[in-house]
$ cat start.csv   # CSV, C-alpha atoms
chain,number,residue,atom,x,y,z
A,1,MET,CA,-1.1,-21.8,-1.7
A,2,ASP,CA,1.9,-23.5,-0.1
A,3,ALA,CA,1.3,-23.7,3.6
A,4,ALA,CA,5.1,-23.1,4.2
A,5,PHE,CA,4.6,-19.4,3.5
A,6,ASP,CA,4.6,-17.7,6.9
A,7,PRO,CA,5.4,-14.0,6.7
A,8,TRP,CA,5.3,-13.8,10.6
A,9,SER,CA,8.1,-16.3,11.1
A,10,PRO,CA,11.6,-15.1,12.2
A,11,ALA,CA,13.1,-17.0,9.2
A,12,PHE,CA,11.0,-15.1,6.7
A,13,VAL,CA,11.8,-11.8,8.3
A,14,ALA,CA,15.5,-12.6,8.2
A,15,ASP,CA,15.5,-13.7,4.6
A,16,PRO,CA,12.2,-13.4,2.7
A,17,TYR,CA,13.6,-14.0,-0.8
A,18,PRO,CA,13.3,-17.8,-0.9
A,19,SER,CA,9.7,-17.5,0.0
A,20,TYR,CA,9.2,-14.8,-2.6
A,21,ASP,CA,10.8,-17.2,-5.2
A,22,ALA,CA,8.4,-20.0,-4.1
A,23,LEU,CA,5.4,-17.7,-4.4
A,24,ARG,CA,6.3,-16.6,-7.9
A,25,ALA,CA,6.7,-20.3,-8.9
A,26,GLU,CA,3.2,-21.0,-7.6
A,27,GLY,CA,1.4,-18.5,-9.8
A,28,ARG,CA,0.3,-15.0,-10.6
A,29,ALA,CA,-2.4,-14.6,-8.0
A,30,LEU,CA,-2.5,-16.6,-4.8
A,31,TRP,CA,-5.2,-16.5,-2.1
A,32,PHE,CA,-3.7,-16.2,1.4
A,33,GLU,CA,-6.3,-17.4,3.9
A,34,PRO,CA,-4.7,-16.1,7.1
A,35,THR,CA,-5.2,-12.5,6.0
A,36,ARG,CA,-8.0,-13.2,3.4
A,37,GLN,CA,-6.0,-11.4,0.7
A,38,TRP,CA,-4.7,-12.1,-2.7
A,39,LEU,CA,-1.0,-12.1,-3.1
A,40,ILE,CA,0.5,-10.9,-6.4
A,41,PRO,CA,4.1,-12.1,-6.3
A,42,ARG,CA,5.4,-11.1,-9.8
A,43,HIS,CA,6.7,-7.6,-10.4
A,44,ALA,CA,5.2,-7.2,-13.8
A,45,ASP,CA,1.7,-8.1,-12.5
A,46,VAL,CA,2.0,-5.7,-9.5
A,47,SER,CA,3.2,-3.0,-11.9
A,48,ALA,CA,0.3,-3.5,-14.2
A,49,LEU,CA,-2.2,-3.5,-11.3
A,50,LEU,CA,-0.7,-0.3,-9.9
A,51,ARG,CA,-1.1,1.4,-13.3
A,52,ASP,CA,-4.6,0.2,-14.0
A,53,ARG,CA,-6.9,3.3,-13.5
A,54,ARG,CA,-9.9,1.1,-12.8
A,55,LEU,CA,-8.3,0.1,-9.5
A,56,GLY,CA,-7.5,2.3,-6.6
A,57,ARG,CA,-5.2,2.4,-3.6
A,58,THR,CA,-8.0,1.1,-1.4
A,59,TYR,CA,-11.5,-0.2,-1.9
A,60,LEU,CA,-13.1,2.4,0.4
A,61,HIS,CA,-13.8,4.9,-2.4
A,62,ARG,CA,-16.2,2.4,-3.8
A,63,PHE,CA,-17.3,-0.1,-1.1
A,64,SER,CA,-17.7,-0.3,2.7
A,65,HIS,CA,-15.6,-2.9,4.6
A,66,GLU,CA,-18.7,-5.1,4.9
A,67,GLU,CA,-19.5,-4.9,1.1
A,68,PHE,CA,-15.9,-5.9,0.4
A,69,GLY,CA,-16.1,-8.9,2.7
A,70,ARG,CA,-13.9,-7.4,5.4
A,71,THR,CA,-14.5,-6.6,9.0
A,72,ALA,CA,-14.5,-2.9,9.8
A,73,PRO,CA,-11.9,-1.7,12.2
A,74,PRO,CA,-12.9,-1.3,15.8
A,75,ALA,CA,-14.7,2.0,16.6
A,76,ALA,CA,-11.9,2.9,19.1
A,77,HIS,CA,-9.4,3.0,16.2
A,78,GLU,CA,-11.5,5.5,14.2
A,79,PRO,CA,-9.3,8.6,14.9
A,80,PHE,CA,-6.3,6.7,13.5
A,81,HIS,CA,-8.2,5.6,10.4
A,82,THR,CA,-9.6,9.0,9.8
A,83,LEU,CA,-6.1,10.4,9.7
A,84,ASN,CA,-4.5,7.6,7.9
A,85,ASP,CA,-7.2,7.1,5.3
A,86,ASN,CA,-7.1,10.7,4.3
A,87,GLY,CA,-3.4,10.8,3.7
A,88,LEU,CA,-2.2,11.8,0.2
A,89,LEU,CA,-1.1,8.2,-0.7
A,90,ASP,CA,-4.5,6.7,0.0
A,91,LEU,CA,-6.7,9.4,-1.6
A,92,GLU,CA,-8.4,8.9,-5.0
A,93,ALA,CA,-9.1,11.6,-7.5
A,94,PRO,CA,-10.4,14.3,-7.3
A,95,HIS,CA,-9.3,14.6,-3.7
A,96,HIS,CA,-5.8,13.4,-4.4
A,97,THR,CA,-5.4,15.8,-7.3
A,98,ARG,CA,-6.5,18.8,-5.2
A,99,ILE,CA,-4.2,18.0,-2.3
A,100,ARG,CA,-1.3,17.1,-4.5
A,101,ARG,CA,-1.7,20.5,-6.3
A,102,LEU,CA,-1.5,22.2,-2.9
A,103,VAL,CA,1.5,20.4,-1.5
A,104,SER,CA,3.5,20.3,-4.7
A,105,LYS,CA,4.4,24.0,-4.2
A,106,ALA,CA,6.3,23.0,-1.1
A,107,PHE,CA,8.4,20.4,-2.9
A,108,THR,CA,9.9,22.3,-5.8
A,109,ALA,CA,13.4,21.2,-6.8
A,110,ARG,CA,14.8,24.4,-5.2
A,111,THR,CA,13.0,23.8,-1.9
A,112,VAL,CA,14.1,20.2,-1.7
A,113,LEU,CA,17.7,21.2,-2.6
A,114,ASN,CA,17.6,23.7,0.3
A,115,LEU,CA,16.7,20.9,2.7
A,116,THR,CA,20.0,19.1,2.0
A,117,PRO,CA,21.9,20.4,5.0
A,118,THR,CA,19.0,19.7,7.3
A,119,VAL,CA,18.6,16.1,6.0
A,120,GLN,CA,22.4,15.5,6.2
A,121,ARG,CA,22.5,16.8,9.8
A,122,LEU,CA,19.6,14.6,10.8
A,123,ALA,CA,21.0,11.6,9.1
A,124,ALA,CA,24.4,12.0,10.8
A,125,ALA,CA,22.7,12.3,14.2
$ encode --input "start.csv" --output "C-alpha cells"
Amino acid sequence: MDAAFDPWSPAFVADPYPSYDALRAEGRALWFEPTRQWLIPRHADVSALLRDRRLGRTYLHRFSHEEFGRTAPPAAHEPFHTLNDNGLLDLEAPHHTRIRRLVSKAFTARTVLNLTPTVQRLAAA
C-alpha cells in the first residue's frame, strides 16, 4: 500500500478524496499496517461485503479479540464496550432481530412524522 496514505494528517481530513482515488487505483483490498486492517476502497466491493450474510458487523460473535489477531481493549474500558457492543447496529441475529422488533414500534411513519416540530426546533437552536 502506498505509504502516502495518512488518514490522521490535516491534509487528508481537509480533503480525503484524492487519497480515496489513489486507494481505489491501488486495488480492491489493501492491507493498512498502522491499524492492522484491510481497506476496501471501492463502493461495489464494500456494498457486496455489507450484503454478504456470511460476514457480520463485528467478529466478536464468532471470535475473541485474541483469536482474531487483535489486542483486547483495556479492562478499564469494559463498561464502554459492554454498552457499545450491544447497540442495535452491532448486534447479530437473533439478538438484532429481537431488539429491532421491539424498537420498530417506536419508529412508525406516524411517530416519526410527529417528531418533525421537535427536530426542526432542535435544528434551529
$ atom_distance --input "start.csv" --atom1 "CA of Arg98 (chain A)" --atom2 "CA of Ala48 (chain A)"
25.0 Å
$ closest_residue --input "start.csv" --among "A:Leu89, A:Phe80, A:Ala109, A:Ile40" --to "Thr58 (chain A)" --atoms "only C-alpha atoms"
A:Leu89
$ closest_residue --input "start.csv" --among "A:Arg24, A:His65, A:His96, A:Arg121" --to "Arg42 (chain A)" --atoms "only C-alpha atoms"
A:Arg24
$ closest_residue --input "start.csv" --among "A:His61, A:Thr108, A:Leu23, A:Gly69" --to "His95 (chain A)" --atoms "all atoms listed in the file"
A:His61
$ closest_residue --input "start.csv" --among "A:Glu92, A:Asp6, A:Asp52, A:Glu33" --to "Pro18 (chain A)" --atoms "all atoms listed in the file"
A:Asp6
$ residues_near_point --input "start.csv" --point "(12.7, -19.1, -2.4)" --cutoff "12 Å" --atoms "all atoms listed in the file" --output "PyMOL selection string"
chain A and resi 2+4-5+11-12+15-26+41
$ residues_around --input "start.csv" --residues "Tyr59 (chain A)" --least-positions-apart "5" --cutoff "12 Å" --atoms "only C-alpha atoms" --output "PDB file with C-alpha atoms, keeping the file's coordinate frame"
ATOM      1  CA  ARG A  54      -9.900   1.100 -12.800  1.00  0.00           C
ATOM      2  CA  SER A  64     -17.700  -0.300   2.700  1.00  0.00           C
ATOM      3  CA  HIS A  65     -15.600  -2.900   4.600  1.00  0.00           C
ATOM      4  CA  GLU A  66     -18.700  -5.100   4.900  1.00  0.00           C
ATOM      5  CA  GLU A  67     -19.500  -4.900   1.100  1.00  0.00           C
ATOM      6  CA  PHE A  68     -15.900  -5.900   0.400  1.00  0.00           C
ATOM      7  CA  GLY A  69     -16.100  -8.900   2.700  1.00  0.00           C
ATOM      8  CA  ARG A  70     -13.900  -7.400   5.400  1.00  0.00           C
ATOM      9  CA  ASP A  85      -7.200   7.100   5.300  1.00  0.00           C
ATOM     10  CA  ASP A  90      -4.500   6.700   0.000  1.00  0.00           C
ATOM     11  CA  LEU A  91      -6.700   9.400  -1.600  1.00  0.00           C
ATOM     12  CA  GLU A  92      -8.400   8.900  -5.000  1.00  0.00           C
TER      13      GLU A  92
END
$ atom_distance --input "start.csv" --atom1 "CA of Gln37 (chain A)" --atom2 "CA of Pro94 (chain A)"
27.3 Å
$ atom_distance --input "start.csv" --atom1 "CA of Gly56 (chain A)" --atom2 "CA of Thr97 (chain A)"
13.7 Å
$ residues_around --input "start.csv" --residues "Asp45 (chain A)" --least-positions-apart "5" --cutoff "9 Å" --atoms "all atoms listed in the file" --output "ChimeraX atom specification"
/A:28-29,40,50
$ closest_residue --input "start.csv" --among "A:Asn114, A:Thr71, A:Leu88, A:Pro79" --to "Arg36 (chain A)" --atoms "all atoms listed in the file"
A:Thr71
$ build_atoms --input "start.csv" --residues "region 103-115 of chain A" --atoms "N, CA, C and O atoms" --output "PDB file, keeping the file's coordinate frame"
ATOM      1  N   VAL A 103       0.242  20.697  -2.139  1.00  0.00           N
ATOM      2  CA  VAL A 103       1.500  20.400  -1.500  1.00  0.00           C
ATOM      3  C   VAL A 103       2.698  20.422  -2.491  1.00  0.00           C
ATOM      4  O   VAL A 103       3.839  20.572  -2.071  1.00  0.00           O
ATOM      5  N   SER A 104       2.430  20.309  -3.768  1.00  0.00           N
ATOM      6  CA  SER A 104       3.500  20.300  -4.700  1.00  0.00           C
ATOM      7  C   SER A 104       4.335  21.581  -4.700  1.00  0.00           C
ATOM      8  O   SER A 104       5.537  21.584  -4.974  1.00  0.00           O
ATOM      9  N   LYS A 105       3.709  22.669  -4.312  1.00  0.00           N
ATOM     10  CA  LYS A 105       4.400  24.000  -4.200  1.00  0.00           C
ATOM     11  C   LYS A 105       5.479  23.928  -3.145  1.00  0.00           C
ATOM     12  O   LYS A 105       6.461  24.661  -3.213  1.00  0.00           O
ATOM     13  N   ALA A 106       5.302  23.090  -2.152  1.00  0.00           N
ATOM     14  CA  ALA A 106       6.300  23.000  -1.100  1.00  0.00           C
ATOM     15  C   ALA A 106       7.432  22.043  -1.428  1.00  0.00           C
ATOM     16  O   ALA A 106       8.397  21.946  -0.679  1.00  0.00           O
ATOM     17  N   PHE A 107       7.344  21.352  -2.554  1.00  0.00           N
ATOM     18  CA  PHE A 107       8.400  20.400  -2.900  1.00  0.00           C
ATOM     19  C   PHE A 107       8.976  20.676  -4.296  1.00  0.00           C
ATOM     20  O   PHE A 107       9.251  19.761  -5.068  1.00  0.00           O
ATOM     21  N   THR A 108       9.220  21.929  -4.577  1.00  0.00           N
ATOM     22  CA  THR A 108       9.900  22.300  -5.800  1.00  0.00           C
ATOM     23  C   THR A 108      11.348  21.798  -5.720  1.00  0.00           C
ATOM     24  O   THR A 108      11.868  21.545  -4.621  1.00  0.00           O
ATOM     25  N   ALA A 109      12.029  21.692  -6.837  1.00  0.00           N
ATOM     26  CA  ALA A 109      13.400  21.200  -6.800  1.00  0.00           C
ATOM     27  C   ALA A 109      14.285  22.141  -5.959  1.00  0.00           C
ATOM     28  O   ALA A 109      15.143  21.662  -5.202  1.00  0.00           O
ATOM     29  N   ARG A 110      14.048  23.434  -6.022  1.00  0.00           N
ATOM     30  CA  ARG A 110      14.800  24.400  -5.200  1.00  0.00           C
ATOM     31  C   ARG A 110      14.593  24.184  -3.723  1.00  0.00           C
ATOM     32  O   ARG A 110      15.527  24.192  -2.922  1.00  0.00           O
ATOM     33  N   THR A 111      13.342  24.019  -3.344  1.00  0.00           N
ATOM     34  CA  THR A 111      13.000  23.800  -1.900  1.00  0.00           C
ATOM     35  C   THR A 111      13.640  22.544  -1.407  1.00  0.00           C
ATOM     36  O   THR A 111      14.224  22.533  -0.318  1.00  0.00           O
ATOM     37  N   VAL A 112      13.556  21.478  -2.170  1.00  0.00           N
ATOM     38  CA  VAL A 112      14.100  20.200  -1.700  1.00  0.00           C
ATOM     39  C   VAL A 112      15.649  20.319  -1.639  1.00  0.00           C
ATOM     40  O   VAL A 112      16.258  19.837  -0.676  1.00  0.00           O
ATOM     41  N   LEU A 113      16.282  20.985  -2.594  1.00  0.00           N
ATOM     42  CA  LEU A 113      17.700  21.200  -2.600  1.00  0.00           C
ATOM     43  C   LEU A 113      18.126  21.971  -1.298  1.00  0.00           C
ATOM     44  O   LEU A 113      19.131  21.656  -0.652  1.00  0.00           O
ATOM     45  N   ASN A 114      17.341  22.945  -0.922  1.00  0.00           N
ATOM     46  CA  ASN A 114      17.600  23.700   0.300  1.00  0.00           C
ATOM     47  C   ASN A 114      17.505  22.918   1.562  1.00  0.00           C
ATOM     48  O   ASN A 114      18.030  23.324   2.604  1.00  0.00           O
ATOM     49  N   LEU A 115      16.825  21.797   1.496  1.00  0.00           N
ATOM     50  CA  LEU A 115      16.700  20.900   2.700  1.00  0.00           C
ATOM     51  C   LEU A 115      17.916  20.019   2.862  1.00  0.00           C
ATOM     52  O   LEU A 115      18.047  19.371   3.905  1.00  0.00           O
TER      53      LEU A 115
END
